Amino acid sequence: MIPPMMRGRARFSLLAGVACVALSGCTEPLDFDLRGLGGGFTTANAAKAPLAERPAADDRGVISYPNYQVAVARRDDTLNDVAKRVGLSAASLAKFNGIDANVKLRKGEIIALPTRVAEPSPATGAATTGPIKPVDISAVAGGAIDAAPATPGVQTTTLAPATTPKAQTGKEPVRHKVERGETAFTVARLYSVPVKDLAEWNGLGSDFAIREGQHLLIPVPSQNPPKATPAKTAQATTLPGEGSTTPTPPSATKPLPEEKVAPAKAPETAAAATTTAAVAKPDPVPEKPAVDVGKTTKPAKVGKLVRPVNGTIIREYSKGKNEGINIKAAAGTAVKAADGGTVAAITKSADGVPIVVVRHADNLLTVYANVTDVAVKKGDSVSRGQSIAKLRGGSDSFVHFEVRKGFDSVDPNPFLN
């Protein structure tokens, strides 16, 4: 079994993405693994085909598929409200969806149903009856019969149109259960769909936040493919050498003018050349030494930063595994800004623990995670050594400290030592 402290340390290996706040004016939520920034991997155009809209729910909020059902929450709903409308217990909904029964839900949020309830029908406010079917067999068969040519000698009887409304058809979306550490961005990339469509289908907030145990519907492609552009009228093609004539080059009709070359000057005598050089030659100017492009320049000296806390480093920097260092100190110890700068962002990890990001000169960022009692807000100017937060209590009383040049993490030790 992994000790709690080790689990806590491992969580902060995922905090590299907080540096995305370096993009001032960025309108997208934080992509905690940085793949959507700096021209890197993005889900904006992941889906090649247009995606369908989420099917409409009935008056209870129920959307029914062959293998599962979901309910769509209304504004200010709780699981208690949803449970009353669909006829299930709030406790079973809470357990199945990993959320307390009294927590307010967002408008349009998807609640997975652990067991099937009565199918949607016109009586429940649905336009159709039953679950959404993959293929409308009756419509296909009826269309084939109507399109068949009449057979001589065979009498057919025209049946009255059925009064039952046509069943709704569509592709059943994948229902994804969120695991610990996943974000809306990682889920969108997993299924190659734009994260905005994922948010619209599942009623996510503007921060795209999701929770462990939440069920997400993955958007499906539209059933109606885009209309093909009409083909242009075919034009008769000509064989090579036929058709338009090749223009005659100008040189074939009018010869080029004769080139007149001036005769070369007679060479000067040695005495005259010496006299001319003596008069025209200026004072010698020392030449600049040639630049050796193969020689590397000496790197600039790394500036020193103040330690965020005075304590013991319990985990060192490891690129790709731990993007910073973990410094242990007493619970409640003040966490100080490593240098003067501006608070670029204050966000939270997947476990709801605050993260503070400070932007400094020369495109340098410092990150302070696993803290509490944050004393600054986004946009504040902070001075070198200013207290910005405190260490959490318990066995997790350490600060996860990162130094980043742009989006790339670097070893903080050279900046501190």
# chains A, B, ... in the order shown; residues from 1 in each chain; ligands from 1
>>> residues_around(residues="segment 324-338 of chain A", least_positions_apart="5", cutoff="6 Å", atoms="only C-alpha atoms", output="PyMOL selection string")
chain A and resi 305-309+311-317+384-393+397-402
>>> residues_around(residues="segment 49-66 of chain A", least_positions_apart="4", cutoff="10 Å", atoms="only C-alpha atoms", output="mmCIF file with C-alpha atoms, in the first residue's frame")
data_model
loop_
_atom_site.group_PDB
_atom_site.id
_atom_site.type_symbol
_atom_site.label_atom_id
_atom_site.label_comp_id
_atom_site.auth_asym_id
_atom_site.auth_seq_id
_atom_site.Cartn_x
_atom_site.Cartn_y
_atom_site.Cartn_z
ATOM 1 C CA ASN A 45 -9.969 20.510 -34.696
ATOM 2 C CA VAL A 70 -29.230 9.540 -18.356
ATOM 3 C CA ALA A 71 -31.065 12.504 -16.882
ATOM 4 C CA VAL A 72 -30.407 16.166 -17.651
ATOM 5 C CA ALA A 73 -30.398 18.493 -14.647
ATOM 6 C CA ARG A 74 -32.287 21.768 -14.530
ATOM 7 C CA VAL A 82 -33.698 14.576 -10.213
ATOM 8 C CA ALA A 83 -34.556 11.467 -8.184
ATOM 9 C CA LYS A 84 -38.146 12.639 -7.656
ATOM 10 C CA ARG A 85 -38.673 13.254 -11.368
ATOM 11 C CA VAL A 86 -37.270 9.923 -12.563
ATOM 12 C CA GLY A 87 -38.596 7.773 -9.712
ATOM 13 C CA GLY A 108 -27.682 20.736 -18.480
ATOM 14 C CA ILE A 110 -25.659 14.824 -17.148
ATOM 15 C CA ILE A 111 -26.679 12.433 -14.343
ATOM 16 C CA ALA A 112 -26.226 8.736 -15.115
ATOM 17 C CA LEU A 113 -29.099 6.479 -14.022
ATOM 18 C CA ARG A 116 -33.662 1.910 -16.193
ATOM 19 C CA VAL A 117 -36.805 3.920 -15.602
ATOM 20 C CA ALA A 118 -39.954 4.143 -17.725
ATOM 21 C CA GLU A 119 -39.069 4.820 -21.364
ATOM 22 C CA PRO A 120 -39.757 8.301 -22.775
ATOM 23 C CA SER A 121 -43.067 8.634 -24.594
ATOM 24 C CA PRO A 122 -45.504 11.367 -25.619
ATOM 25 C CA ALA A 123 -46.999 10.949 -22.140
ATOM 26 C CA THR A 124 -43.685 12.081 -20.588
ATOM 27 C CA GLY A 125 -43.284 14.942 -23.052
ATOM 28 C CA ALA A 126 -41.111 13.088 -25.577
ATOM 29 C CA ALA A 127 -41.705 13.372 -29.301
ATOM 30 C CA THR A 128 -41.081 9.644 -29.745
ATOM 31 C CA THR A 129 -41.555 6.430 -27.814
ATOM 32 C CA GLY A 130 -38.848 4.188 -26.413
ATOM 33 C CA PRO A 131 -35.051 4.470 -26.441
ATOM 34 C CA ILE A 132 -33.090 6.017 -29.274
ATOM 35 C CA LYS A 133 -32.598 3.309 -31.893
ATOM 36 C CA PRO A 134 -29.444 2.900 -33.979
ATOM 37 C CA GLN A 168 -35.847 8.546 -32.732
ATOM 38 C CA THR A 169 -32.653 7.238 -34.307
ATOM 39 C CA GLY A 170 -29.039 8.041 -33.655
ATOM 40 C CA LYS A 171 -25.709 6.618 -32.583
ATOM 41 C CA GLU A 172 -25.355 5.694 -28.903
ATOM 42 C CA PRO A 173 -22.476 7.720 -27.417
ATOM 43 C CA VAL A 193 -13.466 15.384 -29.913
ATOM 44 C CA PRO A 194 -13.249 19.143 -29.301
ATOM 45 C CA ASP A 197 -18.383 19.998 -27.648
ATOM 46 C CA GLU A 200 -21.809 21.356 -24.220
ATOM 47 C CA TRP A 201 -22.961 17.735 -24.245
ATOM 48 C CA ASN A 202 -22.358 17.334 -20.498
ATOM 49 C CA LEU A 217 -21.285 11.414 -22.740
ATOM 50 C CA ILE A 218 -18.835 11.520 -25.648
ATOM 51 C CA PRO A 219 -20.283 13.528 -28.588
ATOM 52 C CA VAL A 220 -21.050 11.505 -31.707
ATOM 53 C CA PRO A 221 -20.709 12.535 -35.375
ATOM 54 C CA SER A 222 -23.701 14.046 -37.083
ATOM 55 C CA GLN A 223 -25.934 11.530 -38.868
ATOM 56 C CA ASN A 224 -26.323 13.864 -41.836
ATOM 57 C CA PRO A 225 -23.051 14.106 -43.760
ATOM 58 C CA PRO A 226 -22.189 17.460 -45.302
#
>>> atom_distance(atom1="atom CA of Lys104 of chain A", atom2="atom CA of Gly203 of chain A")
13.0 Å
>>> atom_distance(atom1="atom CA of Val195 of chain A", atom2="atom CA of Ile346 of chain A")
22.2 Å
>>> residues_around(residues="Asp380 of chain A", least_positions_apart="6", cutoff="9 Å", atoms="only C-alpha atoms", output="PyMOL selection string")
chain A and resi 341-344
>>> residues_around(residues="segment 403-405 of chain A", least_positions_apart="5", cutoff="8 Å", atoms="only C-alpha atoms", output="PyMOL selection string")
chain A and resi 19+324+363-367+410-412
>>> atom_distance(atom1="atom CA of Val356 of chain A", atom2="atom CA of Gly98 of chain A")
28.0 Å
>>> closest_residue(among="A:Thr183, A:Gln214, A:Asp76, A:Gly205", to="Phe96 of chain A", atoms="only C-alpha atoms")
A:Gln214
